[in-house]
file model.csv (CSV, C-alpha atoms and all ligand atoms)
chain,number,residue,atom,x,y,z
A,1,MET,CA,130.7,86.4,133.0
A,2,THR,CA,131.2,87.4,129.5
A,3,THR,CA,130.9,85.2,126.5
A,4,PRO,CA,134.2,84.9,124.6
A,5,ARG,CA,134.1,87.3,121.7
A,6,SER,CA,134.9,84.6,119.3
A,7,GLN,CA,131.5,83.0,120.0
A,8,GLN,CA,129.5,86.1,119.3
A,9,GLU,CA,128.1,86.5,115.8
A,10,PRO,CA,131.2,85.8,113.9
A,11,ASN,CA,130.0,87.7,110.8
A,12,SER,CA,129.0,91.0,112.4
A,13,LYS,CA,132.6,92.1,112.9
A,14,PRO,CA,133.4,95.2,110.8
A,15,LEU,CA,135.8,94.0,108.1
A,16,ASN,CA,137.1,97.2,106.9
A,17,SER,CA,138.0,98.5,110.3
A,18,GLY,CA,140.9,100.6,109.0
A,19,SER,CA,139.1,103.8,109.7
A,20,PHE,CA,138.7,103.1,113.5
A,21,ALA,CA,141.2,104.3,116.0
A,22,ALA,CA,143.5,101.5,117.1
A,23,PHE,CA,143.1,100.2,120.6
A,24,THR,CA,144.4,97.2,122.5
A,25,PRO,CA,141.6,95.2,124.1
A,26,SER,CA,142.1,93.7,127.5
A,27,LEU,CA,139.7,91.8,129.8
A,28,ASP,CA,138.8,95.1,131.4
A,29,THR,CA,138.1,97.1,128.3
A,30,VAL,CA,136.0,94.7,126.3
A,31,GLN,CA,132.8,95.1,128.4
A,32,GLN,CA,133.2,98.9,128.3
A,33,VAL,CA,133.5,98.9,124.5
A,34,ASP,CA,130.4,96.7,124.3
A,35,ILE,CA,128.5,99.3,126.4
A,36,ARG,CA,129.7,102.1,124.3
A,37,GLN,CA,128.7,100.3,121.1
A,38,GLN,CA,125.3,99.7,122.6
A,39,GLU,CA,124.9,103.4,123.5
A,40,PHE,CA,126.0,104.3,120.0
A,41,ARG,CA,123.6,101.9,118.5
A,42,ASP,CA,120.7,103.2,120.6
A,43,ALA,CA,121.6,106.8,119.8
A,44,SER,CA,121.8,106.2,116.1
A,45,ARG,CA,118.5,104.2,116.2
A,46,ARG,CA,116.8,107.1,118.0
A,47,LYS,CA,118.2,109.5,115.5
A,48,SER,CA,117.1,107.5,112.5
A,49,GLU,CA,113.6,107.1,114.0
A,50,ARG,CA,113.3,110.8,114.3
A,51,TRP,CA,114.4,111.2,110.8
A,52,MET,CA,112.0,108.5,109.6
A,53,ALA,CA,109.1,110.2,111.2
A,54,ARG,CA,109.7,113.4,109.1
A,55,THR,CA,110.9,112.0,105.9
A,56,PRO,CA,108.6,110.2,103.4
A,57,THR,CA,109.6,106.7,102.5
A,58,LYS,CA,109.9,105.6,99.0
A,59,ARG,CA,106.6,103.7,99.6
A,60,ASP,CA,104.9,106.9,100.5
A,61,ILE,CA,106.2,108.7,97.4
A,62,VAL,CA,105.3,105.8,95.1
A,63,ALA,CA,101.7,105.7,96.6
A,64,ARG,CA,101.2,109.4,96.0
A,65,LEU,CA,102.7,109.2,92.5
A,66,GLU,CA,100.4,106.4,91.6
A,67,ARG,CA,97.5,108.6,92.6
A,68,VAL,CA,98.6,111.8,91.0
A,69,SER,CA,100.8,110.9,88.0
A,70,ALA,CA,100.3,107.2,87.1
A,71,GLU,CA,102.8,107.3,84.2
A,72,ASP,CA,105.7,108.3,86.4
A,73,ALA,CA,105.1,105.7,89.1
A,74,PRO,CA,106.5,102.5,87.5
A,75,ARG,CA,110.0,103.8,87.1
A,76,LEU,CA,110.2,104.9,90.6
A,77,LYS,CA,108.8,101.7,91.9
A,78,GLN,CA,111.2,99.6,89.9
A,79,CYS,CA,114.2,101.7,90.9
A,80,CYS,CA,116.4,99.7,93.3
A,81,SER,CA,113.8,96.9,93.6
A,82,ALA,CA,116.4,94.3,92.6
A,83,PHE,CA,120.2,94.1,93.2
A,84,MET,CA,123.0,92.2,91.5
A,85,SER,CA,125.1,90.8,94.3
A,86,ARG,CA,128.4,89.0,94.2
A,87,THR,CA,128.5,86.9,97.2
A,88,CYS,CA,129.8,83.6,98.7
A,89,GLY,CA,126.4,83.1,100.3
A,90,GLN,CA,127.6,84.7,103.5
A,91,HIS,CA,129.6,87.8,102.6
A,92,THR,CA,128.6,90.3,99.9
A,93,ILE,CA,131.6,91.9,98.2
A,94,LEU,CA,129.8,93.8,95.5
A,95,SER,CA,126.2,94.9,95.1
A,96,TYR,CA,124.4,97.3,92.8
A,97,PRO,CA,120.8,98.0,91.7
A,98,THR,CA,119.8,96.5,88.4
A,99,PHE,CA,117.9,99.7,87.6
A,100,ARG,CA,118.0,103.3,88.8
A,101,CYS,CA,115.3,105.9,88.0
A,102,LYS,CA,117.7,108.8,88.6
A,103,LYS,CA,114.8,111.0,89.6
A,104,MET,CA,115.6,114.0,91.8
A,105,PHE,CA,112.9,113.1,94.4
A,106,CYS,CA,113.8,109.4,94.6
A,107,PRO,CA,115.2,108.7,98.0
A,108,ASP,CA,117.4,105.8,96.8
A,109,CYS,CA,118.9,107.8,93.9
A,110,ALA,CA,119.3,110.9,96.1
A,111,ALA,CA,121.3,109.0,98.7
A,112,GLU,CA,123.5,107.6,96.0
A,113,ARG,CA,124.0,111.0,94.5
A,114,ALA,CA,124.8,112.6,97.9
A,115,THR,CA,127.5,109.9,98.6
A,116,ARG,CA,129.1,110.4,95.2
A,117,LEU,CA,128.9,114.2,95.5
A,118,GLY,CA,130.4,114.1,99.0
A,119,ASN,CA,133.4,111.9,97.9
A,120,GLN,CA,134.1,114.2,94.9
A,121,THR,CA,133.8,117.3,96.9
A,122,LYS,CA,136.1,116.1,99.7
A,123,ALA,CA,138.7,115.0,97.2
A,124,LYS,CA,138.7,118.3,95.5
A,125,ILE,CA,138.9,120.2,98.8
A,126,ALA,CA,141.9,118.2,99.8
A,127,GLU,CA,143.6,118.8,96.5
A,128,VAL,CA,143.0,122.5,96.5
A,129,MET,CA,144.1,123.0,100.2
A,130,LYS,CA,147.5,121.5,99.4
A,131,THR,CA,148.3,124.2,96.9
A,132,THR,CA,146.1,127.3,97.7
A,133,LYS,CA,145.9,129.1,101.0
A,134,GLY,CA,142.4,130.0,102.3
A,135,ARG,CA,139.6,129.2,104.7
A,136,LEU,CA,136.6,127.1,104.2
A,137,CYS,CA,133.3,128.8,105.0
A,138,PHE,CA,129.6,127.9,104.8
A,139,LEU,CA,127.7,130.6,103.0
A,140,THR,CA,123.9,130.6,102.6
A,141,LEU,CA,122.1,132.9,100.1
A,142,THR,CA,118.4,133.3,100.3
A,143,ALA,CA,115.8,134.5,97.8
A,144,LYS,CA,112.2,135.7,98.2
A,145,ASN,CA,109.6,133.0,98.1
A,146,ALA,CA,108.6,131.9,94.6
A,147,ALA,CA,105.3,130.7,93.3
A,148,THR,CA,106.9,128.0,91.1
A,149,LEU,CA,110.0,125.9,91.8
A,150,ASP,CA,111.3,126.2,88.3
A,151,GLY,CA,110.9,130.0,88.2
A,152,GLY,CA,112.4,130.4,91.6
A,153,LEU,CA,115.4,128.2,90.8
A,154,SER,CA,116.2,129.9,87.6
A,155,LYS,CA,115.9,133.4,89.2
A,156,LEU,CA,118.2,132.4,92.0
A,157,LYS,CA,120.7,130.9,89.5
A,158,LYS,CA,120.7,134.1,87.4
A,159,ASN,CA,121.2,136.2,90.6
A,160,PHE,CA,124.1,134.0,91.7
A,161,ALA,CA,125.7,134.3,88.2
A,162,LYS,CA,125.6,138.1,88.6
A,163,PHE,CA,126.9,137.9,92.1
A,164,LYS,CA,129.9,135.9,91.3
A,165,ARG,CA,130.9,138.3,88.5
A,166,LYS,CA,131.1,141.1,91.0
A,167,LYS,CA,134.5,142.4,91.9
A,168,VAL,CA,133.8,142.1,95.6
A,169,PHE,CA,133.0,138.4,95.1
A,170,LYS,CA,136.2,137.8,93.1
A,171,ASN,CA,138.3,139.7,95.7
A,172,HIS,CA,137.2,137.4,98.5
A,173,ILE,CA,136.2,134.1,97.2
A,174,LYS,CA,138.6,131.7,95.5
A,175,GLY,CA,136.2,128.8,94.9
A,176,TYR,CA,132.8,127.5,95.8
A,177,PHE,CA,130.5,124.4,95.8
A,178,GLY,CA,126.8,124.9,96.2
A,179,ALA,CA,123.6,123.0,96.5
A,180,PHE,CA,120.1,124.4,96.1
A,181,GLU,CA,117.6,123.6,98.7
A,182,TYR,CA,113.9,124.1,98.4
A,183,THR,CA,111.3,124.0,101.1
A,184,PHE,CA,107.5,124.3,100.7
A,185,ASN,CA,105.4,126.6,102.8
A,186,PRO,CA,101.8,125.3,102.8
A,187,LYS,CA,100.5,128.5,104.4
A,188,THR,CA,101.6,130.8,101.6
A,189,ASN,CA,101.6,128.0,99.0
A,190,ASP,CA,105.0,128.9,97.6
A,191,PHE,CA,108.6,127.6,97.5
A,192,HIS,CA,111.4,128.9,99.6
A,193,ILE,CA,114.7,128.4,97.8
A,194,HIS,CA,118.2,128.8,99.2
A,195,LEU,CA,121.7,128.3,97.9
A,196,HIS,CA,124.0,126.6,100.4
A,197,LEU,CA,127.6,127.1,99.5
A,198,ILE,CA,131.0,125.9,100.7
A,199,ILE,CA,133.3,128.7,99.8
A,200,TYR,CA,137.1,129.0,100.0
A,201,ARG,CA,137.9,132.5,101.0
A,202,GLY,CA,141.1,134.5,101.0
A,203,LYS,CA,140.4,137.8,102.7
A,204,PHE,CA,137.8,138.0,105.5
A,205,TRP,CA,134.4,139.0,104.3
A,206,ASN,CA,131.9,140.0,106.9
A,207,GLN,CA,128.2,139.2,106.9
A,208,SER,CA,126.8,142.8,106.4
A,209,ASP,CA,129.1,143.4,103.4
A,210,ILE,CA,127.9,140.2,101.8
A,211,SER,CA,124.3,141.1,102.6
A,212,ASP,CA,124.8,144.5,100.9
A,213,ALA,CA,126.4,142.9,97.8
A,214,TRP,CA,123.6,140.3,97.6
A,215,ARG,CA,120.9,143.0,97.9
A,216,ASP,CA,122.6,144.9,95.1
A,217,VAL,CA,122.2,141.9,92.8
A,218,THR,CA,118.7,140.7,93.9
A,219,GLY,CA,117.0,144.0,94.6
A,220,ASP,CA,114.9,142.4,97.3
A,221,SER,CA,116.8,139.7,99.1
A,222,PHE,CA,119.5,140.4,101.6
A,223,ILE,CA,119.4,137.5,104.1
A,224,VAL,CA,122.7,135.7,104.1
A,225,ASP,CA,124.6,133.7,106.6
A,226,ILE,CA,128.4,133.0,106.7
A,227,ARG,CA,130.3,130.9,109.2
A,228,GLU,CA,133.6,129.2,109.2
A,229,ILE,CA,133.7,125.5,108.7
A,230,LYS,CA,135.8,123.8,111.4
A,231,ASP,CA,135.4,120.3,110.2
A,232,ALA,CA,135.5,120.0,106.4
A,233,HIS,CA,134.1,116.5,106.5
A,234,LYS,CA,131.0,117.6,108.4
A,235,GLY,CA,130.7,120.7,106.2
A,236,VAL,CA,130.6,118.7,103.1
A,237,LYS,CA,128.0,116.4,104.5
A,238,GLU,CA,125.9,119.3,105.5
A,239,VAL,CA,125.9,120.8,102.0
A,240,CYS,CA,125.3,117.4,100.3
A,241,LYS,CA,122.3,116.7,102.4
A,242,TYR,CA,120.4,119.5,100.7
A,243,VAL,CA,120.7,117.7,97.4
A,244,VAL,CA,118.7,114.8,98.9
A,245,LYS,CA,116.1,116.6,100.9
A,246,SER,CA,112.6,115.4,100.1
A,247,ALA,CA,110.9,116.1,103.4
A,248,ASP,CA,108.3,118.6,102.1
A,249,LEU,CA,107.2,116.4,99.2
A,250,MET,CA,104.2,115.0,101.0
A,251,THR,CA,102.9,118.2,102.4
A,252,MET,CA,102.6,119.9,99.0
A,253,PRO,CA,99.3,120.1,97.3
A,254,ASP,CA,99.0,118.0,94.1
A,255,ASP,CA,99.8,120.7,91.6
A,256,LYS,CA,103.1,121.6,93.4
A,257,PHE,CA,103.9,117.9,93.9
A,258,LEU,CA,103.5,117.4,90.2
A,259,GLU,CA,105.7,120.4,89.5
A,260,VAL,CA,108.6,118.7,91.4
A,261,VAL,CA,107.9,115.3,89.8
A,262,LYS,CA,107.8,116.8,86.3
A,263,MET,CA,110.9,119.0,86.8
A,264,LYS,CA,113.1,118.7,83.8
A,265,LYS,CA,115.6,115.9,83.9
A,266,GLY,CA,119.1,117.3,84.3
A,267,THR,CA,118.0,120.4,86.3
A,268,ARG,CA,121.1,121.3,88.0
A,269,MET,CA,120.9,121.3,91.8
A,270,PHE,CA,124.6,121.5,92.4
A,271,ILE,CA,127.1,124.1,91.2
A,272,SER,CA,130.9,124.6,91.5
A,273,GLY,CA,133.4,127.2,90.4
A,274,GLY,CA,136.7,129.0,90.9
A,275,CYS,CA,139.4,126.7,92.4
A,276,PHE,CA,136.7,124.1,93.0
A,277,TYR,CA,135.6,124.1,89.4
A,278,ASN,CA,134.7,120.8,87.8
A,279,VAL,CA,133.0,119.0,90.5
A,280,LYS,CA,130.0,117.9,88.5
A,281,LEU,CA,126.9,115.8,89.2
A,282,ASP,CA,125.4,115.8,85.7
A,283,ASP,CA,127.0,112.7,84.4
A,284,ASP,CA,124.5,110.5,86.2
A,285,ASP,CA,125.1,107.7,83.8
A,286,ALA,CA,128.5,107.2,85.2
A,287,ALA,CA,127.0,106.7,88.6
A,288,ASP,CA,127.0,102.9,88.6
A,289,ASP,CA,130.7,102.7,87.9
A,290,ASP,CA,131.4,104.1,91.3
A,291,VAL,CA,129.9,101.1,93.2
A,292,PHE,CA,132.8,98.8,92.3
A,293,GLY,CA,134.8,99.3,95.3
A,294,GLN,CA,137.9,97.6,96.7
A,295,PHE,CA,136.8,94.1,95.5
A,296,ALA,CA,136.1,95.2,91.9
A,297,GLU,CA,138.6,92.8,90.4
A,298,LEU,CA,137.1,89.7,92.0
A,299,GLN,CA,135.0,87.5,89.6
A,300,PRO,CA,132.5,84.8,90.1
A,301,GLY,CA,134.4,81.6,90.9
A,302,ASP,CA,137.2,83.4,92.7
A,303,ALA,CA,137.6,82.9,96.5
A,304,CYS,CA,135.7,85.1,98.9
A,305,PRO,CA,138.3,87.4,100.6
A,306,PHE,CA,136.7,86.7,104.0
A,307,CYS,CA,136.1,83.0,104.1
A,308,GLY,CA,137.6,81.5,101.0
A,309,ASP,CA,134.4,80.1,99.6
A,310,GLU,CA,133.6,80.4,96.0
A,311,LEU,CA,131.9,83.6,94.9
A,312,PHE,CA,128.8,83.7,92.7
A,313,ASP,CA,126.4,86.3,91.3
A,314,VAL,CA,122.8,86.4,92.3
A,315,ILE,CA,119.9,88.8,91.9
A,316,VAL,CA,118.3,89.6,95.2
A,317,ASN,CA,115.2,91.7,95.9
A,318,ARG,CA,115.1,94.7,98.1
A,319,GLU,CA,114.3,92.9,101.3
A,320,GLN,CA,117.2,90.5,100.8
A,321,HIS,CA,119.7,93.1,99.8
A,322,ILE,CA,122.3,94.1,102.3
A,323,GLY,CA,124.4,97.2,101.8
A,324,LEU,CA,128.1,96.8,101.1
A,325,HIS,CA,129.0,98.9,104.1
A,326,GLU,CA,127.5,96.2,106.3
A,327,LEU,CA,129.5,93.4,104.7
A,328,ASN,CA,127.5,91.0,106.7
A,329,ALA,CA,125.9,87.6,106.8
A,330,MET,CA,123.4,87.4,104.0
A,331,PRO,CA,120.5,85.2,104.8
A,332,ASN,CA,118.0,83.6,102.4
A,333,VAL,CA,120.3,83.5,99.4
A,334,VAL,CA,120.0,80.5,97.3
A,335,LYS,CA,122.7,79.8,94.8
A,336,SER,CA,121.3,80.5,91.4
A,337,ASN,CA,121.9,78.0,88.6
A,338,SER,CA,121.0,80.3,85.8
A,339,SER,CA,123.9,82.3,84.2
A,401,ZN,ZN,115.6,106.1,91.9
A,402,ZN,ZN,132.7,84.6,102.4

call {"tool": "encode", "arguments": {"input": "model.csv", "output": "structure tokens"}}
result
Amino acid sequence: MTTPRSQQEPNSKPLNSGSFAAFTPSLDTVQQVDIRQQEFRDASRRKSERWMARTPTKRDIVARLERVSAEDAPRLKQCCSAFMSRTCGQHTILSYPTFRCKKMFCPDCAAERATRLGNQTKAKIAEVMKTTKGRLCFLTLTAKNAATLDGGLSKLKKNFAKFKRKKVFKNHIKGYFGAFEYTFNPKTNDFHIHLHLIIYRGKFWNQSDISDAWRDVTGDSFIVDIREIKDAHKGVKEVCKYVVKSADLMTMPDDKFLEVVKMKKGTRMFISGGCFYNVKLDDDDAADDDVFGQFAELQPGDACPFCGDELFDVIVNREQHIGLHELNAMPNVVKSNSS
């Protein structure tokens, strides 16, 4: 016996189900769908548990920062600790943090940055593919290990600038997006820095020729990897994730950790050029404008698009906050009388 679906958690239904494939439910298929959803939930929970085990939480980073560099800790701690939510008490239609630290190593700000970057990149790819013929590839350029992050990054940036001016580069590549990734090696006490690029190529360019050209520029590094991107959406996600990686942050010794923490604000970790030119991430101050999604025009006092109740604004703390993508029942929210 199955419970009629209408009696199951009325608020947990995905409301913006436009992106799911259409299907017609019948009595036979409902149970199956529920099983599949359960399997999906289990799989994604296992995946996120594995990820959680390796990745430091914001709490971990704040704790270390308080120990190592007390003056930098409060901003990180305050970042995303409170949210302005527009809600009917049950549905949240708009929500954004009242303060963002915009630090490179902040997991909250990094996630926001990766989302924004992904959307911009995908839009640009779609636009370019309409007018220009080519193929999307994933190209990784590596550099020798560097003692300092700053030094290693600027060397790799200089080398890439030389590389893209080469005739052989211009002959093959019409445009590129790229994100720098750094990992830390505790055994050798140095940083390993890569440049992960999505390139739009015209003519085929094989790996050994790229390797030769890259060695010409760097003098000592020749390890490159090129592969075709079959799924642009996944490819973009893959590159964007390097902008957010903070896994090695906790294994670094204090001096290296401080180096990352003190890295100049506005250090560019993302580049673009050619037909993909002008996808930027530097205008971080514009970030918060992007959160006003499809319900941006609704004001307090208007009717909730889901239940018709009156909307109001409320400041909620981190624990009470529920992401927009979940558009879910929001417990423990008390209507605020202050304006
Ligand atoms: Zn932050
Ligand atoms: Zn509502």

call {"tool": "closest_residue", "arguments": {"input": "model.csv", "among": "A:Phe306, A:Phe191, A:Phe222, A:Phe169", "to": "Asp248 (chain A)", "atoms": "all atoms listed in the file"}}
result
A:Phe191

call {"tool": "residues_near_ligand", "arguments": {"input": "model.csv", "ligand": "ligand ZN 402 (chain A)", "cutoff": "7 Å", "atoms": "all atoms listed in the file", "output": "PyMOL selection string"}}
result
chain A and resi 88-91+304-309

call {"tool": "closest_residue", "arguments": {"input": "model.csv", "among": "A:Arg268, A:His192, A:Ala114, A:Lys77", "to": "Arg64 (chain A)", "atoms": "all atoms listed in the file"}}
result
A:Lys77

call {"tool": "closest_residue", "arguments": {"input": "model.csv", "among": "A:Leu117, A:Leu156, A:Ala296, A:Ile173", "to": "Lys237 (chain A)", "atoms": "all atoms listed in the file"}}
result
A:Leu117

call {"tool": "closest_residue", "arguments": {"input": "model.csv", "among": "A:Trp214, A:Leu76, A:Ala147, A:Glu259", "to": "Ala63 (chain A)", "atoms": "all atoms listed in the file"}}
result
A:Leu76

call {"tool": "residues_near_ligand", "arguments": {"input": "model.csv", "ligand": "ligand ZN 401 (chain A)", "cutoff": "10 Å", "atoms": "all atoms listed in the file", "output": "PyMOL selection string"}}
result
chain A and resi 58+75-81+97+99-112

call {"tool": "atom_distance", "arguments": {"input": "model.csv", "atom1": "CA of Met84 (chain A)", "atom2": "CA of Leu311 (chain A)"}}
result
12.8 Å

call {"tool": "atom_distance", "arguments": {"input": "model.csv", "atom1": "CA of Ile271 (chain A)", "atom2": "CA of Tyr176 (chain A)"}}
result
8.1 Å

call {"tool": "closest_residue", "arguments": {"input": "model.csv", "among": "A:Lys164, A:Ile226, A:Met252, A:Gly219", "to": "Asn189 (chain A)", "atoms": "all atoms listed in the file"}}
result
A:Met252

call {"tool": "residues_near_point", "arguments": {"input": "model.csv", "point": "(129.0, 124.4, 103.2)", "cutoff": "9 Å", "atoms": "all atoms listed in the file", "output": "list in words"}}
result
Leu136, Cys137, Phe138, Leu139, Thr140, Tyr176, Phe177, Gly178, Ala179, His196, Leu197, Ile198, Ile199, Arg227, Glu228, Ile229, Ala232, Lys234, Gly235, Val236, Lys237, Glu238, Val239 and Cys240 of chain A

call {"tool": "closest_residue", "arguments": {"input": "model.csv", "among": "A:Asp42, A:Asp216, A:Glu66, A:Glu310", "to": "Lys166 (chain A)", "atoms": "all atoms listed in the file"}}
result
A:Asp216

call {"tool": "residues_around", "arguments": {"input": "model.csv", "residues": "Asn159 (chain A)", "least_positions_apart": "5", "cutoff": "12 Å", "atoms": "only C-alpha atoms", "output": "list in words"}}
result
Leu141, Thr142, Ala143, Lys144, Gly152, Leu153, Ser154, Lys164, Arg165, Lys166, His194, Leu195, Ala213, Trp214, Arg215, Asp216, Val217, Thr218, Gly219, Asp220, Ser221 and Phe222 of chain A

call {"tool": "atom_distance", "arguments": {"input": "model.csv", "atom1": "CA of Ala123 (chain A)", "atom2": "CA of Leu94 (chain A)"}}
result
23.1 Å

call {"tool": "residues_near_point", "arguments": {"input": "model.csv", "point": "(132.7, 126.4, 87.5)", "cutoff": "12 Å", "atoms": "all atoms listed in the file", "output": "PyMOL selection string"}}
result
chain A and resi 161+164+174-178+270-280

call {"tool": "residues_around", "arguments": {"input": "model.csv", "residues": "Asp313 (chain A)", "least_positions_apart": "5", "cutoff": "7 Å", "atoms": "all atoms listed in the file", "output": "NGL selection string"}}
result
:A and (84-87 or 300)

call {"tool": "residues_around", "arguments": {"input": "model.csv", "residues": "region 148-151 of chain A", "least_positions_apart": "5", "cutoff": "8 Å", "atoms": "all atoms listed in the file", "output": "count of residues only"}}
result
7
